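J.: To start, I am sharing the structure in question, which I have written as structure tokens.
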Amino acid sequence: MLDYAALAALSEIIRRGSFEAAAAALGVTPSAVSQRIKGLEERLGQVLIHRGPPASGTETGLRLMQHLDQVRLLETTLAASLRPTGGPAVLRLAVNADSLATWFPPVMTALPVLYDLVVDDQDHARDWLRQGQVSAAISSDPDPVPGCDALPLGAMRYLALATPDFLARHFPDGVTEAGLRAAPAITFNAKDALQSRWAQKATGRRLHLPGHLIPASEPFARAVELGLGWGMIPESMAAPALHQGRLQPLVPDLPLDVALHWHVQRAMAPALAPLTAAIRKRAAAELRP
């Protein structure tokens with residue numbers, strides 16, 4: 001059996017970045033926290049904490065933190081008479097930034113837990129599940145990892161948009177391969193392939209796109225509205241700017257639909273059932289079939 005007091009100390013260190021902050025959160029001394037971690041590392045024969053600063057978890061440490069979160073969450077579904085491991089239940093999920101900026105937040109009221117959200121590109125969110133670091137994820141990949149199920153949610157529609165002035169300056173004769181190679185694009189991060197996928201759809205060619213890296217959904221959309229570049233914005237987020245004429249599509253009637261899937265560990269599925277139901281209901285209303 002694992003020492004859950006030691007796991008609680010491990011979790012607090014990773015989340016708060018220091019032994020001192022973890023000790024304050026647990027109401028014990030830093031020395032007690034150090035002894036718990038030392039005993040756990042000796043028992044497992046592995047280093048669990050990169051001492052920092054800031055302190056951070058090793059791969060094994062992160063998996064143990066996730067295990068504690070799952071145990072606590074499962075206990076919330078059992079009879080109240082059972083003795084909990086202590087502390088509130090924490091649910092760690094991987095969610096793509098655009099879902100978090102649009103349709104996802106209201107579903108978080110479905111479970112009385114503390115959320116620990118990992119924000120990653122929808123093409124890569126499933127990797128967090130494969131590494132055992134989250135209980136569930138929203139991903140564009142339809143194939144579940146072993147031990148998990150994947151439920152289709154619908155498609156998030158993206159539009160390639162820019163300001164009228166930007167279009168007149170960079171694409172006076174319409175969107176062309178040469179224009180896309182020269183005009184700055186806005187990209188979320190190095191994993192973001194939406195702009196490249198749309199450019200290939202528009203031209204039939206894989207293009208290298210120059211531009212800005214802006215790793216946050218709302219500032220990303222704001223940068224497009226300021227004319228810094230063109231970018232792929234979720235249809236729902238772009239609706240006001242389109243209606244007011246502040247943004248226009250690069251090519252009319254050429255959207256890019258990204259299918260999303262809810263991946264959940266089978267062992268956690270009963271505990272996450274209310275959240276899963278809320279996600280499916282919300283996705284049916286907000287995403288495209």
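Every chain in the structure tokens has a letter given in the order shown (A, B, ...), and although residue numbers restart at 1 in each chain, ligands are simply numbered from 1 in the order shown.
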Residues near Leu129 of chain A, anyone? I mean within 10 Å using only C-alpha atoms, not counting same-chain ones fewer than 4 positions away, as a list in words.
T.: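 Once the nearby chain positions are removed, what remains is Leu93, Ala94, His124, Ala125, Gln133, Val134, Ser135, Ala136, Ala137, Pro144, Val145, Pro146, Gly147, Cys148, His263, Val264 and Gln265 of chain A.
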J.: Name all residues at most 8 Å from segment 274-281 of chain A (count only C-alpha atoms; drop same-chain ones fewer than 4 positions away) and give them as a PyMOL selection string.
T.: chain A and resi 104+107-108+110-111+153+262+285
J.: Out of A:Ser11, A:Ser18, A:Thr102, A:Ser34, which residue has the shortest atom-to-atom distance to Leu62 of chain A when counting only C-alpha atoms?
T.: A:Ser11
J.: Which residue out of A:Arg197, A:Thr187, A:Gln66, A:Asp257 has the minimum interatomic distance to Ile214 of chain A when only C-alpha atoms are used?
T.: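 Looking at the shortest contact to Ile214 of chain A, the residue is A:Thr187.
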J.: Here is a test: counting only C-alpha atoms, which residue of A:Ala24, A:Ile233, A:Ala199, A:Leu260 is nearest to Asn96 of chain A?
T.: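 Nearest to Asn96 of chain A: A:Leu260.
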J.: List every residue of segment 177-242 of chain A that DSSP, applied to the backbone of this structure, places in helix (DSSP H, G or I), and write the result as a ChimeraX atom specification.
T.: /A:177-182,194-203,217-225,235-242
J.: Please, what distance in Å, to one decimal, runs between atom CA of Val95 of chain A and atom CA of Phe19 of chain A?
T.: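 Calculated distance between atom CA of Val95 of chain A and atom CA of Phe19 of chain A is 28.4 Å.
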J.: When you look at Phe166 of chain A with a cut-off of 8 Å (counting only C-alpha atoms), what residues show up, excluding the ones that are within fewer than 5 positions of it in the same chain? I need them as a ChimeraX atom specification.
T.: /A:171,227,229-230
J.: May I ask which of the residues A:Ala216, A:Ala155, A:Leu254, A:Val113 is the closest one to Leu272 of chain A, counting only C-alpha atoms?
T.: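 Ranking A:Ala216, A:Ala155, A:Leu254, A:Val113 by distance to Leu272 of chain A, first place goes to A:Val113.
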J.: Extract the full set of strand (DSSP E or B) residues from segment 94-271 of chain A according to DSSP on the backbone, and format it as a ChimeraX atom specification.
T.: /A:94-95,114-119,136-139,148-162,185-187,211-213,230-234,248-249,256-265
J.: Kindly save the residues from that selection, with N, CA and C atoms included, as a CSV table (one decimal), in the first residue's frame.
T.:
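After the write, result.csv holds the following:
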chain,number,residue,atom,x,y,z
A,94,ALA,N,-7.0,17.4,-19.5
A,94,ALA,CA,-6.3,18.1,-20.6
A,94,ALA,C,-7.4,18.6,-21.5
A,95,VAL,N,-7.3,19.9,-21.7
A,95,VAL,CA,-8.4,20.6,-22.5
A,95,VAL,C,-7.7,21.5,-23.5
A,114,LEU,N,-12.0,20.2,-7.3
A,114,LEU,CA,-11.1,21.3,-7.7
A,114,LEU,C,-10.5,20.8,-9.0
A,115,TYR,N,-10.6,21.7,-10.0
A,115,TYR,CA,-10.0,21.4,-11.3
A,115,TYR,C,-8.6,21.8,-11.5
A,116,ASP,N,-7.8,20.9,-12.1
A,116,ASP,CA,-6.4,21.2,-12.4
A,116,ASP,C,-6.3,20.9,-13.9
A,117,LEU,N,-6.4,22.0,-14.7
A,117,LEU,CA,-6.5,21.9,-16.2
A,117,LEU,C,-5.2,22.0,-16.8
A,118,VAL,N,-4.9,21.1,-17.7
A,118,VAL,CA,-3.7,21.2,-18.5
A,118,VAL,C,-4.2,21.6,-19.9
A,119,VAL,N,-3.7,22.8,-20.3
A,119,VAL,CA,-4.1,23.3,-21.6
A,119,VAL,C,-3.1,22.9,-22.7
A,136,ALA,N,-8.9,12.5,-17.9
A,136,ALA,CA,-9.6,12.6,-19.2
A,136,ALA,C,-9.1,13.7,-20.0
A,137,ALA,N,-9.5,13.8,-21.3
A,137,ALA,CA,-8.9,14.8,-22.1
A,137,ALA,C,-9.9,15.0,-23.3
A,138,ILE,N,-9.8,16.3,-23.8
A,138,ILE,CA,-10.5,16.6,-25.0
A,138,ILE,C,-9.5,16.6,-26.1
A,139,SER,N,-9.7,15.8,-27.2
A,139,SER,CA,-8.7,15.6,-28.2
A,139,SER,C,-9.3,15.5,-29.6
A,148,CYS,N,-8.8,3.4,-22.0
A,148,CYS,CA,-9.7,4.6,-22.1
A,148,CYS,C,-10.8,4.4,-23.2
A,149,ASP,N,-11.8,5.2,-23.1
A,149,ASP,CA,-12.8,5.2,-24.1
A,149,ASP,C,-12.9,6.6,-24.7
A,150,ALA,N,-13.2,6.7,-26.0
A,150,ALA,CA,-13.3,8.0,-26.6
A,150,ALA,C,-14.7,8.2,-27.1
A,151,LEU,N,-15.4,9.3,-26.8
A,151,LEU,CA,-16.7,9.6,-27.2
A,151,LEU,C,-16.7,10.8,-28.1
A,152,PRO,N,-17.3,10.7,-29.3
A,152,PRO,CA,-17.3,11.9,-30.2
A,152,PRO,C,-18.2,13.0,-29.6
A,153,LEU,N,-17.8,14.2,-29.8
A,153,LEU,CA,-18.5,15.4,-29.3
A,153,LEU,C,-19.1,16.2,-30.4
A,154,GLY,N,-18.5,16.3,-31.5
A,154,GLY,CA,-18.9,17.2,-32.6
A,154,GLY,C,-17.7,17.9,-33.1
A,155,ALA,N,-17.9,18.8,-34.0
A,155,ALA,CA,-16.7,19.5,-34.6
A,155,ALA,C,-16.7,21.0,-34.2
A,156,MET,N,-15.6,21.5,-33.9
A,156,MET,CA,-15.4,22.9,-33.7
A,156,MET,C,-15.0,23.5,-35.1
A,157,ARG,N,-15.8,24.5,-35.5
A,157,ARG,CA,-15.6,25.1,-36.8
A,157,ARG,C,-14.6,26.3,-36.6
A,158,TYR,N,-13.6,26.3,-37.4
A,158,TYR,CA,-12.6,27.5,-37.5
A,158,TYR,C,-12.8,28.2,-38.8
A,159,LEU,N,-12.6,29.5,-38.7
A,159,LEU,CA,-12.6,30.4,-39.9
A,159,LEU,C,-11.3,31.1,-40.1
A,160,ALA,N,-10.8,31.1,-41.3
A,160,ALA,CA,-9.5,31.9,-41.6
A,160,ALA,C,-9.9,33.3,-41.7
A,161,LEU,N,-9.5,34.2,-40.8
A,161,LEU,CA,-10.0,35.6,-40.8
A,161,LEU,C,-8.8,36.6,-40.7
A,162,ALA,N,-9.2,37.8,-41.1
A,162,ALA,CA,-8.3,38.9,-41.1
A,162,ALA,C,-9.1,40.2,-41.1
A,185,ALA,N,1.0,35.2,-40.4
A,185,ALA,CA,-0.1,34.4,-39.8
A,185,ALA,C,0.1,34.5,-38.3
A,186,ILE,N,-1.0,34.3,-37.5
A,186,ILE,CA,-1.0,34.2,-36.1
A,186,ILE,C,-1.1,32.7,-35.7
A,187,THR,N,-0.1,32.2,-35.0
A,187,THR,CA,-0.1,30.8,-34.6
A,187,THR,C,-0.1,30.7,-33.1
A,211,GLY,N,5.0,34.3,-39.2
A,211,GLY,CA,4.1,34.9,-38.4
A,211,GLY,C,4.4,35.0,-36.9
A,212,HIS,N,3.4,35.3,-36.1
A,212,HIS,CA,3.6,35.5,-34.7
A,212,HIS,C,3.1,34.3,-33.9
A,213,LEU,N,3.7,34.1,-32.8
A,213,LEU,CA,3.3,33.0,-31.8
A,213,LEU,C,2.6,33.7,-30.6
A,230,TRP,N,-3.2,37.1,-40.0
A,230,TRP,CA,-4.5,36.3,-40.2
A,230,TRP,C,-4.4,35.1,-39.4
A,231,GLY,N,-5.5,34.5,-39.0
A,231,GLY,CA,-5.5,33.3,-38.1
A,231,GLY,C,-6.8,32.6,-38.1
A,232,MET,N,-6.8,31.4,-37.6
A,232,MET,CA,-7.9,30.5,-37.5
A,232,MET,C,-8.6,30.8,-36.1
A,233,ILE,N,-9.8,31.3,-36.2
A,233,ILE,CA,-10.6,31.6,-34.9
A,233,ILE,C,-11.8,30.8,-34.9
A,234,PRO,N,-12.2,30.2,-33.7
A,234,PRO,CA,-13.4,29.5,-33.6
A,234,PRO,C,-14.6,30.3,-34.1
A,248,GLN,N,-13.0,39.6,-41.7
A,248,GLN,CA,-13.6,39.0,-42.9
A,248,GLN,C,-12.9,37.7,-43.2
A,249,PRO,N,-13.5,36.7,-43.8
A,249,PRO,CA,-12.8,35.5,-44.2
A,249,PRO,C,-11.9,35.7,-45.3
A,256,LEU,N,-12.7,25.3,-41.6
A,256,LEU,CA,-11.9,24.1,-41.3
A,256,LEU,C,-12.6,23.5,-40.0
A,257,ASP,N,-13.2,22.4,-40.1
A,257,ASP,CA,-13.9,21.7,-39.0
A,257,ASP,C,-12.9,20.7,-38.3
A,258,VAL,N,-12.8,20.8,-37.0
A,258,VAL,CA,-12.0,19.9,-36.2
A,258,VAL,C,-12.8,19.1,-35.3
A,259,ALA,N,-12.9,17.8,-35.5
A,259,ALA,CA,-13.7,16.9,-34.7
A,259,ALA,C,-13.1,16.8,-33.3
A,260,LEU,N,-13.9,16.9,-32.3
A,260,LEU,CA,-13.4,16.7,-30.9
A,260,LEU,C,-13.9,15.5,-30.3
A,261,HIS,N,-13.2,14.9,-29.4
A,261,HIS,CA,-13.6,13.6,-28.7
A,261,HIS,C,-13.2,13.8,-27.2
A,262,TRP,N,-14.1,13.2,-26.4
A,262,TRP,CA,-13.9,13.1,-25.0
A,262,TRP,C,-13.3,11.8,-24.6
A,263,HIS,N,-12.0,11.8,-24.2
A,263,HIS,CA,-11.3,10.6,-23.8
A,263,HIS,C,-11.3,10.5,-22.3
A,264,VAL,N,-11.7,9.3,-21.8
A,264,VAL,CA,-11.8,9.2,-20.3
A,264,VAL,C,-11.3,7.8,-19.9
A,265,GLN,N,-10.6,7.7,-18.8
A,265,GLN,CA,-10.1,6.4,-18.3
A,265,GLN,C,-11.3,5.6,-17.9
J.: For Ala25 of chain A, which residue among A:Leu247, A:Gly39, A:Ala8, A:Val224 is the nearest when counting only C-alpha atoms?
T.: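 Between A:Leu247, A:Gly39, A:Ala8, A:Val224, the residue approaching Ala25 of chain A most closely is A:Ala8.
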J.: With distances taken over only C-alpha atoms, which of A:Arg63, A:Ala273, A:Lys201, A:Asp120 is nearest to Ala97 of chain A?
T.: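 Selected residue with least distance to Ala97 of chain A: A:Asp120.
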J.: I want to know what sits within 12 Å of Met1 of chain A, based on only C-alpha atoms, with residues of the same chain fewer than 3 positions away left out; could you give that as an mmCIF file with N, CA, C and O atoms, in the first residue's frame?
T.:
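After the write, around.cif holds the following:
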data_model
loop_
_atom_site.group_PDB
_atom_site.id
_atom_site.type_symbol
_atom_site.label_atom_id
_atom_site.label_comp_id
_atom_site.auth_asym_id
_atom_site.auth_seq_id
_atom_site.Cartn_x
_atom_site.Cartn_y
_atom_site.Cartn_z
ATOM 1 N N TYR A 4 -0.470 7.450 1.821
ATOM 2 C CA TYR A 4 -1.247 8.543 1.248
ATOM 3 C C TYR A 4 -0.922 9.885 1.882
ATOM 4 O O TYR A 4 -1.105 10.932 1.248
ATOM 5 N N ALA A 5 -0.429 9.897 3.105
ATOM 6 C CA ALA A 5 0.042 11.155 3.680
ATOM 7 C C ALA A 5 1.254 11.665 2.906
ATOM 8 O O ALA A 5 1.393 12.868 2.645
ATOM 9 N N ALA A 6 2.126 10.746 2.514
ATOM 10 C CA ALA A 6 3.285 11.131 1.708
ATOM 11 C C ALA A 6 2.851 11.570 0.315
ATOM 12 O O ALA A 6 3.402 12.526 -0.247
ATOM 13 N N LEU A 7 1.864 10.886 -0.250
ATOM 14 C CA LEU A 7 1.366 11.294 -1.559
ATOM 15 C C LEU A 7 0.735 12.675 -1.496
ATOM 16 O O LEU A 7 0.854 13.472 -2.440
ATOM 17 N N LEU A 40 9.096 8.140 0.932
ATOM 18 C CA LEU A 40 8.428 7.646 -0.278
ATOM 19 C C LEU A 40 9.447 7.351 -1.366
ATOM 20 O O LEU A 40 9.355 6.325 -2.063
ATOM 21 N N ARG A 43 11.342 4.196 -0.510
ATOM 22 C CA ARG A 43 10.530 2.992 -0.682
ATOM 23 C C ARG A 43 10.381 2.624 -2.150
ATOM 24 O O ARG A 43 10.410 1.435 -2.510
ATOM 25 N N LEU A 44 10.220 3.634 -3.002
ATOM 26 C CA LEU A 44 10.014 3.377 -4.427
ATOM 27 C C LEU A 44 11.331 3.279 -5.185
ATOM 28 O O LEU A 44 11.351 2.819 -6.330
#
J.: Quick one: pull the distance between atom CA of Glu59 of chain A and atom CA of Leu100 of chain A, Å, one decimal.
T.: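 So the answer is 25.4 Å.
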J.: Using atom CA of Leu207 of chain A and atom CA of Asp192 of chain A as the two end points, give the distance in Å to one decimal.
T.: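 These atoms are spaced 14.0 Å apart.
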